[in-house]
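Q: To start, I am sharing the structure in question, which I have written as structure tokens.
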Amino acid sequence: MKLARTLRLDVSDDNVFDVPAPSGEWAISGGFEFSNWTEADLKGKARQAFSNGWYSIESGGRATFVGVCDITDAELEQLRQVLAQTFVECYGAPGIDAAYPVACEEIDQMRSMCEDFEDNTLLMVSRTLTELGVEETYRSRAPQDASLEAFAVHGSVD
């Protein structure tokens with residue numbers, strides 16, 4: 001199974017996002033955060049997060065780049081629980097039972113997209129606000145000689 005981890009190729013994310021994601025955190029698109037936004041919400045760093053920020057499940061931060069890599073079943077289940085809890089605590093979900101299937105769906109959408117790419121492929125997201133809501137498009141960059149392990153730690157450090 002594959003998912004994506006945030007990457008910090010330079011310090012620019014510190015300058016463009018209110019909450020920059022550390023390198024190595026598991027990421028999803030995170031478009032759900034913008035579902036009720038209007039043009040009036042698209043100002044400053046919030047605009048940048050909307051325009052091209054991936055959402056880190058662990059920190060809730062944003063990253064410009066993510067890289068595709070393998071994920072274990074145990075890691076995946078932990079992320080589902082963390083995201084469901086975030087939906088309850090930060091986004092008003094009525095409880096874990098209601099939030100968990102939505103968290104699974106968000107993560108599975110990203111996991112499904114990542115399965116189409118080789119390990120170490122860089123992914124970028126672009127969003128626009130349309131009359132029908134948020135439209136997302138994705139770009140990819142084939143892996144080069146360096147692996148993600150040079151940028152992101154996989155698994156436990158214990």
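So you can find residues: chains in the structure tokens are A, B, ... in the order shown, residues in each start at 1, and ligands are numbered from 1 in order.
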List the spatial neighbours of A:Ser59 as a list in words - criterion: any atom at most 10 Å away, only C-alpha atoms, same-chain residues fewer than 3 positions off excluded.

A: Val19, Pro20, Ala21, Pro22, Glu25, Trp26, Ala27, Tyr55, Ser56, Arg62, Val82 and Thr86 of chain A

Q: For the residues in the current selection, export all heavy atoms as an mmCIF file, in the first residue's frame.

A:
```
data_model
loop_
_atom_site.group_PDB
_atom_site.id
_atom_site.type_symbol
_atom_site.label_atom_id
_atom_site.label_comp_id
_atom_site.auth_asym_id
_atom_site.auth_seq_id
_atom_site.Cartn_x
_atom_site.Cartn_y
_atom_site.Cartn_z
ATOM 1 N N VAL A 19 0.694 27.273 9.272
ATOM 2 C CA VAL A 19 1.209 26.095 9.983
ATOM 3 C C VAL A 19 1.894 25.199 8.953
ATOM 4 O O VAL A 19 1.243 24.403 8.276
ATOM 5 C CB VAL A 19 0.080 25.321 10.695
ATOM 6 C CG1 VAL A 19 0.656 24.115 11.438
ATOM 7 C CG2 VAL A 19 -0.695 26.220 11.640
ATOM 8 N N PRO A 20 3.203 25.341 8.795
ATOM 9 C CA PRO A 20 3.912 24.464 7.859
ATOM 10 C C PRO A 20 4.068 23.064 8.446
ATOM 11 O O PRO A 20 4.331 22.909 9.640
ATOM 12 C CB PRO A 20 5.262 25.152 7.674
ATOM 13 C CG PRO A 20 5.441 25.997 8.882
ATOM 14 C CD PRO A 20 4.076 26.344 9.392
ATOM 15 N N ALA A 21 3.868 22.064 7.616
ATOM 16 C CA ALA A 21 4.015 20.675 8.064
ATOM 17 C C ALA A 21 5.486 20.296 8.096
ATOM 18 O O ALA A 21 6.224 20.597 7.163
ATOM 19 C CB ALA A 21 3.264 19.749 7.120
ATOM 20 N N PRO A 22 5.900 19.622 9.156
ATOM 21 C CA PRO A 22 7.269 19.106 9.166
ATOM 22 C C PRO A 22 7.445 18.042 8.084
ATOM 23 O O PRO A 22 6.487 17.395 7.675
ATOM 24 C CB PRO A 22 7.397 18.478 10.554
ATOM 25 C CG PRO A 22 6.290 19.041 11.370
ATOM 26 C CD PRO A 22 5.201 19.353 10.403
ATOM 27 N N GLU A 25 5.687 13.759 7.555
ATOM 28 C CA GLU A 25 4.360 13.433 8.070
ATOM 29 C C GLU A 25 3.466 12.914 6.946
ATOM 30 O O GLU A 25 3.617 13.295 5.785
ATOM 31 C CB GLU A 25 3.719 14.657 8.731
ATOM 32 C CG GLU A 25 4.448 15.070 9.982
ATOM 33 C CD GLU A 25 3.719 16.127 10.785
ATOM 34 O OE1 GLU A 25 2.849 16.837 10.226
ATOM 35 O OE2 GLU A 25 4.016 16.243 11.976
ATOM 36 N N TRP A 26 2.532 12.045 7.300
ATOM 37 C CA TRP A 26 1.601 11.499 6.316
ATOM 38 C C TRP A 26 0.626 12.580 5.870
ATOM 39 O O TRP A 26 0.169 13.384 6.689
ATOM 40 C CB TRP A 26 0.840 10.320 6.917
ATOM 41 C CG TRP A 26 1.714 9.141 7.191
ATOM 42 C CD1 TRP A 26 2.098 8.680 8.405
ATOM 43 C CD2 TRP A 26 2.327 8.277 6.224
ATOM 44 N NE1 TRP A 26 2.913 7.575 8.262
ATOM 45 C CE2 TRP A 26 3.070 7.308 6.937
ATOM 46 C CE3 TRP A 26 2.321 8.219 4.832
ATOM 47 C CZ2 TRP A 26 3.797 6.297 6.300
ATOM 48 C CZ3 TRP A 26 3.038 7.219 4.199
ATOM 49 C CH2 TRP A 26 3.763 6.275 4.925
ATOM 50 N N ALA A 27 0.314 12.598 4.566
ATOM 51 C CA ALA A 27 -0.474 13.690 4.010
ATOM 52 C C ALA A 27 -1.626 13.209 3.131
ATOM 53 O O ALA A 27 -1.558 12.144 2.522
ATOM 54 C CB ALA A 27 0.436 14.604 3.184
ATOM 55 N N TYR A 55 -2.349 18.561 3.179
ATOM 56 C CA TYR A 55 -2.687 18.553 4.600
ATOM 57 C C TYR A 55 -1.976 17.411 5.316
ATOM 58 O O TYR A 55 -2.128 16.245 4.954
ATOM 59 C CB TYR A 55 -4.203 18.394 4.756
ATOM 60 C CG TYR A 55 -4.684 18.360 6.178
ATOM 61 C CD1 TYR A 55 -4.897 19.536 6.876
ATOM 62 C CD2 TYR A 55 -4.919 17.152 6.821
ATOM 63 C CE1 TYR A 55 -5.341 19.516 8.184
ATOM 64 C CE2 TYR A 55 -5.361 17.119 8.137
ATOM 65 C CZ TYR A 55 -5.575 18.306 8.809
ATOM 66 O OH TYR A 55 -6.008 18.277 10.102
ATOM 67 N N SER A 56 -1.227 17.739 6.358
ATOM 68 C CA SER A 56 -0.562 16.730 7.174
ATOM 69 C C SER A 56 -1.530 16.210 8.226
ATOM 70 O O SER A 56 -2.070 16.988 9.020
ATOM 71 C CB SER A 56 0.659 17.318 7.868
ATOM 72 O OG SER A 56 1.081 16.451 8.891
ATOM 73 N N ARG A 62 0.502 22.340 6.574
ATOM 74 C CA ARG A 62 0.441 22.280 5.111
ATOM 75 C C ARG A 62 1.844 22.184 4.533
ATOM 76 O O ARG A 62 2.804 22.693 5.109
ATOM 77 C CB ARG A 62 -0.254 23.522 4.538
ATOM 78 C CG ARG A 62 -1.726 23.605 4.881
ATOM 79 C CD ARG A 62 -2.536 22.728 3.982
ATOM 80 N NE ARG A 62 -3.934 22.633 4.417
ATOM 81 C CZ ARG A 62 -4.858 22.017 3.731
ATOM 82 N NH1 ARG A 62 -4.565 21.452 2.576
ATOM 83 N NH2 ARG A 62 -6.087 21.934 4.183
ATOM 84 N N VAL A 82 -6.487 9.125 14.018
ATOM 85 C CA VAL A 82 -6.037 10.501 14.254
ATOM 86 C C VAL A 82 -6.895 11.484 13.461
ATOM 87 O O VAL A 82 -7.344 12.508 13.995
ATOM 88 C CB VAL A 82 -4.541 10.666 13.902
ATOM 89 C CG1 VAL A 82 -4.128 12.137 13.866
ATOM 90 C CG2 VAL A 82 -3.675 9.891 14.875
ATOM 91 N N THR A 86 -9.440 14.418 14.763
ATOM 92 C CA THR A 86 -9.295 15.803 14.304
ATOM 93 C C THR A 86 -10.625 16.342 13.793
ATOM 94 O O THR A 86 -10.985 17.493 14.063
ATOM 95 C CB THR A 86 -8.224 15.895 13.197
ATOM 96 O OG1 THR A 86 -6.973 15.470 13.741
ATOM 97 C CG2 THR A 86 -8.102 17.305 12.646
#
```

Q: Do you know which residues are at most 6 Å from stretch 2-17 of chain A counting only C-alpha atoms, after dropping those on the same chain fewer than 2 positions away, and could you put them as a ChimeraX atom specification?

A: /A:19-20,23-27,45,65-71,111,114-115

Q: Which one of A:Glu118, A:Thr72, A:Met110, A:Ser51 sits closest to A:Glu135 if you count only C-alpha atoms?

A: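 Among the listed residues, the smallest separation from A:Glu135 belongs to A:Ser51.
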
Q: If we count only C-alpha atoms and set the cut-off at 8 Å, which residues sit around A:Pro143, ignoring sequence neighbours fewer than 5 positions away in its own chain? Please answer as number ranges by chain.

A: A: 118-122

Q: Export, as a tab-separated table (two decimals), in the first residue's frame, the selected residues with N, CA, C and O atoms.

A:
```
chain	number	residue	atom	x	y	z
A	118	GLU	N	5.09	5.47	-8.84
A	118	GLU	CA	6.26	4.80	-8.28
A	118	GLU	C	6.60	5.44	-6.94
A	118	GLU	O	6.31	6.62	-6.70
A	119	ASP	N	7.27	4.67	-6.09
A	119	ASP	CA	7.80	5.24	-4.86
A	119	ASP	C	8.69	6.43	-5.22
A	119	ASP	O	9.36	6.43	-6.26
A	120	ASN	N	8.70	7.41	-4.34
A	120	ASN	CA	9.52	8.63	-4.47
A	120	ASN	C	9.00	9.63	-5.49
A	120	ASN	O	9.67	10.64	-5.74
A	121	THR	N	7.84	9.39	-6.09
A	121	THR	CA	7.25	10.37	-7.00
A	121	THR	C	6.80	11.58	-6.19
A	121	THR	O	6.16	11.44	-5.15
A	122	LEU	N	7.15	12.78	-6.66
A	122	LEU	CA	6.69	14.02	-6.02
A	122	LEU	C	5.31	14.37	-6.55
A	122	LEU	O	5.06	14.27	-7.76
```

Q: In Å, rounded to a single decimal, give me how far atom CA of A:Met113 is from atom CA of A:Asp73.

A: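 Separation of atom CA of A:Asp73 and atom CA of A:Met113: 17.0 Å.
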
Q: Mind pulling up the distance from atom CA of A:Trp54 to atom CA of A:Leu129?

A: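 Separation of atom CA of A:Leu129 and atom CA of A:Trp54: 16.2 Å.
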
Q: Using DSSP secondary structure from the backbone, list all alpha helix (DSSP H) positions within chain A, as a ChimeraX atom specification.

A: /A:12-16,44-52,73-91,96-114

Q: Could you jot down the atom CA of A:Cys104 to atom CA of A:Ala142 separation for me, Å, one decimal place?

A: 27.1 Å

Q: Taking the DSSP secondary structure from the backbone, can you list the residues of stretch 7-43 of chain A that are strand (DSSP E or B), as a ChimeraX atom specification?

A: /A:7,20,26-28

Q: Mind writing the picked residues with all heavy atoms as a PDB file, in the first residue's frame?

A:
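part.pdb written:
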```pdb
ATOM      1  N   LEU A   7       7.148  16.723   2.332  1.00  0.00           N
ATOM      2  CA  LEU A   7       8.568  16.954   2.060  1.00  0.00           C
ATOM      3  C   LEU A   7       8.870  18.436   2.224  1.00  0.00           C
ATOM      4  O   LEU A   7       8.091  19.293   1.807  1.00  0.00           O
ATOM      5  CB  LEU A   7       8.916  16.541   0.633  1.00  0.00           C
ATOM      6  CG  LEU A   7       8.809  15.062   0.320  1.00  0.00           C
ATOM      7  CD1 LEU A   7       9.013  14.824  -1.162  1.00  0.00           C
ATOM      8  CD2 LEU A   7       9.816  14.281   1.132  1.00  0.00           C
ATOM      9  N   PRO A  20       3.203  25.341   8.795  1.00  0.00           N
ATOM     10  CA  PRO A  20       3.912  24.464   7.859  1.00  0.00           C
ATOM     11  C   PRO A  20       4.068  23.064   8.446  1.00  0.00           C
ATOM     12  O   PRO A  20       4.331  22.909   9.640  1.00  0.00           O
ATOM     13  CB  PRO A  20       5.262  25.152   7.674  1.00  0.00           C
ATOM     14  CG  PRO A  20       5.441  25.997   8.882  1.00  0.00           C
ATOM     15  CD  PRO A  20       4.076  26.344   9.392  1.00  0.00           C
ATOM     16  N   TRP A  26       2.532  12.045   7.300  1.00  0.00           N
ATOM     17  CA  TRP A  26       1.601  11.499   6.316  1.00  0.00           C
ATOM     18  C   TRP A  26       0.626  12.580   5.870  1.00  0.00           C
ATOM     19  O   TRP A  26       0.169  13.384   6.689  1.00  0.00           O
ATOM     20  CB  TRP A  26       0.840  10.320   6.917  1.00  0.00           C
ATOM     21  CG  TRP A  26       1.714   9.141   7.191  1.00  0.00           C
ATOM     22  CD1 TRP A  26       2.098   8.680   8.405  1.00  0.00           C
ATOM     23  CD2 TRP A  26       2.327   8.277   6.224  1.00  0.00           C
ATOM     24  NE1 TRP A  26       2.913   7.575   8.262  1.00  0.00           N
ATOM     25  CE2 TRP A  26       3.070   7.308   6.937  1.00  0.00           C
ATOM     26  CE3 TRP A  26       2.321   8.219   4.832  1.00  0.00           C
ATOM     27  CZ2 TRP A  26       3.797   6.297   6.300  1.00  0.00           C
ATOM     28  CZ3 TRP A  26       3.038   7.219   4.199  1.00  0.00           C
ATOM     29  CH2 TRP A  26       3.763   6.275   4.925  1.00  0.00           C
ATOM     30  N   ALA A  27       0.314  12.598   4.566  1.00  0.00           N
ATOM     31  CA  ALA A  27      -0.474  13.690   4.010  1.00  0.00           C
ATOM     32  C   ALA A  27      -1.626  13.209   3.131  1.00  0.00           C
ATOM     33  O   ALA A  27      -1.558  12.144   2.522  1.00  0.00           O
ATOM     34  CB  ALA A  27       0.436  14.604   3.184  1.00  0.00           C
ATOM     35  N   ILE A  28      -2.653  14.039   3.107  1.00  0.00           N
ATOM     36  CA  ILE A  28      -3.778  13.886   2.192  1.00  0.00           C
ATOM     37  C   ILE A  28      -4.009  15.243   1.545  1.00  0.00           C
ATOM     38  O   ILE A  28      -3.413  16.239   1.948  1.00  0.00           O
ATOM     39  CB  ILE A  28      -5.058  13.405   2.918  1.00  0.00           C
ATOM     40  CG1 ILE A  28      -5.443  14.366   4.038  1.00  0.00           C
ATOM     41  CG2 ILE A  28      -4.875  11.983   3.438  1.00  0.00           C
ATOM     42  CD1 ILE A  28      -6.752  14.030   4.740  1.00  0.00           C
TER      43      ILE A  28
END
```

Q: For A:Glu136, which residue out of A:Gly60, A:Gly31, A:Gly92, A:Pro101 is the nearest one, using only C-alpha atoms?

A: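 Nearest to A:Glu136: A:Gly31.
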